[in-house]
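What follows is a short report on a single structure.
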Amino acid sequence: MKVETLGRGVLLPGPKLALDTSAPGFASVVSHAHGDHIPWDAREAWASPETADLLAIRKPDLRVRVLPWREPTRVGAARVTLFPAGHILGSALTLVEFEGSRLLYTADTKTRDALTTPRAEFPEADTLIVESTFGLPIYHFPPAEALRASAVAFAKETLAAGEVPVFLGYALGKGQEILAILTEGGVPTIAHGALGTMCAVYERHGARFPTTRPYVAGDVEGAALVVPGSFREHPMITKLDARIAYCSGWAMLSKSRVQMDADLLLPLSDHADYPGLLEIVEKVKPRKVYANHGYADVFTHLLRKKGMDATPLTVGHLDEEQEGQARLGDA
Amino acid sequence: MRFEEVAACAEAVGATRGTHAKRDVVAALLARADPESLLHAARFLAGSPFAQCDKRVLQVGWSTLERAALNLIAFDQETWRACHRAVGDTGETLALLVGPYPPKRQGAQRTLFEIAAKEEPFSVLEAADAYARLAASTPAARPRLVEEAWRRMSPVEVKYFTKIMTGGMRIGLAESLVEEAIAKAFGRKVEDVRLANMVSGDVGEAAALAREDKLGQAVFRMFHPLGFMLASPLDEAPDDPAPFVVEDKFDGIRAQLHATRERGELYTRTLEEAGEFPEIVEAARRVGHEIVLDGEVLAVRADGRAAPFALLQRRLGRKSVSAALRAQVPVRYVAYDILFLDGEPLYRKPLEERRAALDSLGLSGLLTTSPWRHASTKAEVDALFEDARARGNEGLMLKRKGSAYDLGKRGNQWLKIKRPFATLDVVVTAAEVGHGKRAGLLSDVTFAVRDAEGKLANVGKAYTGLTDEEIRRMTALLKQLTIERYASVHVVRPEIVLEVAFDSVTKSARHKSGYALRFPRIARWRTDKPVSEIDTVARVEELWRASGGAETL
């Protein structure tokens, strides 16, 4: 199946599908509701039920047609089936069947268990378009249980010391996952307003945040504060006696400690790490792999060394640092 | 002591915020180290494989490390380099690549050796021994030695064993903090530890002496630099200059001259050796005593007056100095203090006694002594200031009578009167990613003034002057302002106005403005000033004339 890129998304000229982008005469399918995947110029798009709810907030003018989970649906000339991608609420892997060939587009995905998103399910396909945000071997994340335990321990220690534990995580996905981890660990939480709106959608789809209260200026007693990373330098944080936990795949590297001025680097990511990406390739059993985002060049180089047919997809892509920065709050 | 304990300590220091907490982590380790390991552990935590006074150099460069790394890790060069670029630190990259993935196998015999070796933890003494063997080995043997050491280690050990080799721990642990940790570990005074370290040139020995409560017995070793005594700036002459002796302030290179009959070395303020002035070192060996002098290297004109610093600069940064260059840029050493004479420490003695010892050397030729002058009124000091300027010197030094030489300290015993120099308001045009603690931050900025046609003309580059917090804020802003990128250089929309300070202006072909600033540093981030109000090339030219008008050299 012919594959082209457009912006940060993918075009399939055969079945005339636009994945996480839009083009005249193409049907758009949205993998999940993060800003860099929403087709901002589109008027109509297909998405999972949860993503449809999130899009109603993030892009109210988009007419969303719901694709039920795991049910093949005719979209234009192709059959399209969504499977859980494990990235954030509603995130989907898109399986496209067209003229007897199967293509799987992962968009953003992770292979590990999480508290607020169902585990990803990888169907087999002939062609795989896999993300490669963390496609370098240095990105080998610690086990999820260990990360959760250290998040809870950090929050409890900080509270015991009379200071405010602050967790930096983006507003849709990471924020709710941190809230859930802390809730499970018995730590009351305060959600910044940017997270709150999204929490409501999570709750509508079954998540519960019983010990979470909305952020009110001046009231940070006895709870962990969860805010988007962009608030790191905001007076609401800098004025506190706070200890900062930076929750992101980029927290694997110690240079992020200085960049985010963090006390705890917690590589809790919503993306697959390098072994996770290899696991995806193994499960999908593709004849052809395309990689996009992040370290597509090196990741496909590593796949080719394993004897696979692999090509980087990102054309004129951002360099590593820009990519890192663009996604600093989003990984 | 196991090397892993030192590595784990370094890791914990890196993850700890606050200097007191860092100090306590280090103190706990040093307190439980056995005497032999303590010597090395203190050096390692200070980021160095050997004592500072030790002449040995590891000579482990990038190519050695890369060859060793590619033998060890299960990935090829392209992958290794991409990982290294992302991480920005060799030790950390290796730790991330040997932790989760099995290392490359190297034949059956080797594998057996590895299994045997793995059971025996790598000790601090073995690490010291590995560095010693590296320093003594041939270039061809080095990658193998490095690799063999790595294969005995856990990832965290690999990380810090490598960081010590590459000379940067990057965990926010300055040597001064190691000194504080030593003091805390053994209940000694920080001042005593610092002095013992400075005198002996070995933080390890300072730790060992602190443990034995024998800090006063630190023995001075020549050929490692001592901390310079520094002067506090004074805007104008004091009303009562009687308690001071007066000397010219020279615009050269401050340098400590160590010499015996057999050997001589010059050390600059950055405590590095300056090899560019062999004739001074040769002259010092002919003095016939063991001496440590404090003074200044100056370029001299035919009439004996001091030449502008720009002339001296032609001698800097050269591996070898030709006879022609020596003739073109003649230099001399003006001594103004003596710290040691024939093994006897003089730095605690009063100024006058040190001067007498200095005079007793009878320096002549390329080595001279800075004359003492006396003033009893403010007006007399002002007159001396004008005389000093007429001699091509920068200003005056006032040194308190009867004062000791405070190694490595800035105080009010020495005062300097300089002509105050202007600052420039400039705009940032480009920025580059910094290194070390500033990796990932756009800390190195290029800046411009406006030319006659209103176009921007670069005039310099600065690395320092901002706080970490300001650098982070500026990095975020610079990223938004980025128009173009060439490798690590961001070309930005000119919107950030800075006030830069500097020591003088010289002509330079390097910058579009035709001028360059000496020692530029950021004085202030002028968020209050619009870009339209930055200074002009004409203003730079004025300042160039004011600072002596040295032509391009």
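In the structure tokens, each chain is lettered A, B, ... as it comes, each chain's residues begin at 1, and ligands are numbered from 1 in order of appearance.
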Problem - Distance query Lys401 in chain B at most 12 Å, only C-alpha atoms, self and fewer than 2 positions along chain excluded, as a list in words - result: Pro241, Ala242, Pro243, Phe244, Val245, Val246, Lys349, Pro350, Leu351, Glu352, Glu353, Arg354, Arg355, Trp372, His374, Leu398, Lys399, Ser403, Ala404, Tyr405, Asn412, Gln413 and Trp414 of chain B
Item to complete: Could the residues of chain A within 10 Å of chain B, counting only C-alpha atoms, be given as a VMD selection string, please?
Response: chain A and resid 135 to 142 233 243 252 to 265 275 295 297 to 299 301 to 302 305 319 to 322 324 to 325
Resulting file, chosen residues, N, CA and C atoms, as a compact mmCIF listing (two decimals), in the first residue's frame:
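Below is the file that was written, out-v7.txt:
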# COMPACT_ATOMS: atom_id res chain seq x y z
N GLY A 135 12.93 5.68 19.77
CA GLY A 135 13.52 4.58 19.01
C GLY A 135 15.03 4.44 19.15
N LEU A 136 15.57 4.81 20.29
CA LEU A 136 17.01 4.59 20.55
C LEU A 136 17.14 3.63 21.73
N PRO A 137 18.15 2.74 21.69
CA PRO A 137 18.29 1.75 22.77
C PRO A 137 18.46 2.37 24.16
N ILE A 138 18.93 3.63 24.23
CA ILE A 138 19.07 4.25 25.56
C ILE A 138 17.71 4.42 26.24
N TYR A 139 16.66 4.39 25.46
CA TYR A 139 15.33 4.50 26.06
C TYR A 139 14.79 3.11 26.39
N HIS A 140 15.15 2.64 27.55
CA HIS A 140 14.69 1.35 28.07
C HIS A 140 14.11 1.70 29.43
N PHE A 141 12.79 1.88 29.48
CA PHE A 141 12.18 2.41 30.69
C PHE A 141 12.15 1.36 31.80
N PRO A 142 12.28 1.80 33.05
CA PRO A 142 12.14 0.88 34.19
C PRO A 142 10.73 0.31 34.22
N GLU A 233 7.65 27.07 35.48
CA GLU A 233 8.19 28.36 35.89
C GLU A 233 7.11 29.32 36.39
N ARG A 243 8.73 20.16 45.83
CA ARG A 243 9.67 19.24 45.19
C ARG A 243 9.01 18.78 43.89
N MET A 252 14.47 9.98 31.19
CA MET A 252 15.52 8.96 31.19
C MET A 252 16.90 9.59 31.25
N LEU A 253 17.04 10.78 30.67
CA LEU A 253 18.36 11.39 30.55
C LEU A 253 18.56 12.42 31.65
N SER A 254 19.74 12.41 32.26
CA SER A 254 19.94 13.29 33.41
C SER A 254 19.95 14.75 33.01
N LYS A 255 20.16 15.06 31.73
CA LYS A 255 20.14 16.48 31.36
C LYS A 255 18.75 17.09 31.56
N SER A 256 17.72 16.26 31.58
CA SER A 256 16.37 16.81 31.78
C SER A 256 16.19 17.32 33.21
N ARG A 257 17.08 16.88 34.13
CA ARG A 257 17.00 17.37 35.50
C ARG A 257 17.23 18.88 35.53
N VAL A 258 18.22 19.32 34.76
CA VAL A 258 18.52 20.75 34.71
C VAL A 258 17.45 21.47 33.89
N GLN A 259 17.06 20.86 32.76
CA GLN A 259 16.07 21.50 31.89
C GLN A 259 14.77 21.78 32.64
N MET A 260 14.34 20.82 33.46
CA MET A 260 13.08 21.00 34.16
C MET A 260 13.28 21.39 35.62
N ASP A 261 14.54 21.50 36.03
CA ASP A 261 14.86 21.82 37.41
C ASP A 261 14.07 20.90 38.35
N ALA A 262 14.24 19.61 38.14
CA ALA A 262 13.42 18.62 38.84
C ALA A 262 14.18 17.95 39.98
N ASP A 263 13.44 17.54 41.01
CA ASP A 263 14.02 16.76 42.10
C ASP A 263 13.99 15.28 41.76
N LEU A 264 12.90 14.86 41.12
CA LEU A 264 12.76 13.45 40.76
C LEU A 264 12.55 13.33 39.25
N LEU A 265 13.36 12.49 38.62
CA LEU A 265 13.15 12.20 37.20
C LEU A 265 12.40 10.87 37.14
N PRO A 275 12.67 -1.36 23.53
CA PRO A 275 12.24 -2.77 23.53
C PRO A 275 10.75 -2.90 23.20
N TYR A 295 13.27 9.17 16.50
CA TYR A 295 14.50 8.58 15.97
C TYR A 295 14.22 7.57 14.86
N ASP A 297 15.24 7.43 11.79
CA ASP A 297 16.43 7.01 11.04
C ASP A 297 17.16 5.87 11.74
N VAL A 298 17.46 6.10 13.01
CA VAL A 298 18.25 5.10 13.74
C VAL A 298 17.43 3.84 13.99
N PHE A 299 16.16 4.02 14.31
CA PHE A 299 15.34 2.84 14.60
C PHE A 299 15.21 1.94 13.37
N HIS A 301 17.29 1.83 10.91
CA HIS A 301 18.64 1.30 10.70
C HIS A 301 18.83 0.03 11.54
N LEU A 302 18.37 0.09 12.79
CA LEU A 302 18.49 -1.08 13.68
C LEU A 302 17.62 -2.24 13.19
N LYS A 305 19.30 -3.88 10.26
CA LYS A 305 20.39 -4.74 10.72
C LYS A 305 19.88 -6.10 11.19
N ASP A 319 14.71 17.88 13.91
CA ASP A 319 15.86 17.15 14.42
C ASP A 319 15.55 16.69 15.84
N GLU A 320 16.49 15.91 16.38
CA GLU A 320 16.20 15.24 17.65
C GLU A 320 15.84 16.23 18.74
N GLU A 321 16.61 17.29 18.81
CA GLU A 321 16.41 18.20 19.94
C GLU A 321 15.07 18.93 19.82
N GLN A 322 14.77 19.37 18.59
CA GLN A 322 13.49 20.05 18.39
C GLN A 322 12.34 19.12 18.71
N GLY A 324 12.45 16.65 20.70
CA GLY A 324 12.41 16.51 22.16
C GLY A 324 11.71 17.68 22.80
N GLN A 325 12.03 18.87 22.32
CA GLN A 325 11.45 20.06 22.91
C GLN A 325 9.96 20.16 22.58
Would you list, as a ChimeraX atom specification, the residues of range 71-227 of chain A that end up in strand (DSSP E) under DSSP run on this structure's backbone? /A:73-75,78-84,92-98,101-105,127-131,164-168,189-191,212-214,224-227
Can you list every residue in range 4-116 of chain A that DSSP puts in alpha helix (DSSP H), as a list of chain:residue names? A:Pro49, A:Glu50, A:Thr51, A:Ala52, A:Asp53, A:Leu54, A:Leu55, A:Ala56, A:Ile57, A:Arg58
With C-alpha atoms retained, write the just-selected residues as a compact mmCIF listing (two decimals), in the first residue's frame.
# COMPACT_ATOMS: atom_id res chain seq x y z
CA PRO A 49 -15.93 6.73 21.00
CA GLU A 50 -13.66 8.17 23.73
CA THR A 51 -11.66 10.24 21.26
CA ALA A 52 -14.96 11.57 19.86
CA ASP A 53 -15.83 12.83 23.37
CA LEU A 54 -12.44 14.48 23.79
CA LEU A 55 -12.61 16.04 20.33
CA ALA A 56 -15.97 17.55 21.23
CA ILE A 57 -14.01 19.67 23.74
CA ARG A 58 -10.78 20.18 21.83
What's the 9 Å shell around Asp213 in chain B, counting only C-alpha atoms, without same-chain residues fewer than 4 positions away, as a ChimeraX atom specification?
-> /B:186,188,208-209
Please dump the current selection as a PDB file, in the first residue's frame; keep C-alpha atoms.
ATOM      1  CA  PHE B 186      36.008  13.941  60.341  1.00  0.00           C
ATOM      2  CA  ARG B 188      37.538  19.333  61.195  1.00  0.00           C
ATOM      3  CA  ALA B 208      43.688  11.381  54.753  1.00  0.00           C
ATOM      4  CA  LEU B 209      45.188  14.124  56.956  1.00  0.00           C
TER       5      LEU B 209
END
In terms of only C-alpha atoms, the residue from B:Thr368, B:Ala141, B:Arg315, B:Asp303 at minimal distance from Arg332 in chain B is B:Thr368
Measuring between only C-alpha atoms, which one of B:Val156, B:Val531, B:Ala283, B:Val491 shows the shortest distance to Lys455 in chain B?
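Closest to Lys455 in chain B, using only C-alpha atoms: B:Val531.
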Item to complete: Give me the residues within 12 Å of Leu172 in chain A as a VMD selection string, counting only C-alpha atoms and dropping any in the same chain fewer than 6 places off.
Response: chain A and resid 32 to 35 51 54 to 55 57 to 58 87 to 91 116 to 117 178 to 179 191 to 202 226 to 229 270 329 to 331
| Residue contacts of Ala92 in chain A (8 Å, only C-alpha atoms) excluding same-chain residues fewer than 3 positions away, as a ChimeraX atom specification | /A:31-32,48,82-86,106-107
Original post:
Could you pull the residues within 12 Å of Ala431 in chain B, counting only C-alpha atoms, minus those fewer than 3 positions along the same chain, as a PyMOL selection string?
Top reply: chain B and resi 427-428+434+440-447+460-463+471+474-479+481-494+496
- [ ] Do a neighbour search on Lys104 in chain B at 9 Å with only C-alpha atoms, toss out local chain neighbours closer than 2 positions, and write the hits as a list in words.
- [x] Leu70, Asn71, Leu72, Ile73, Ala74, Phe75, Pro102 and Gln106 of chain B
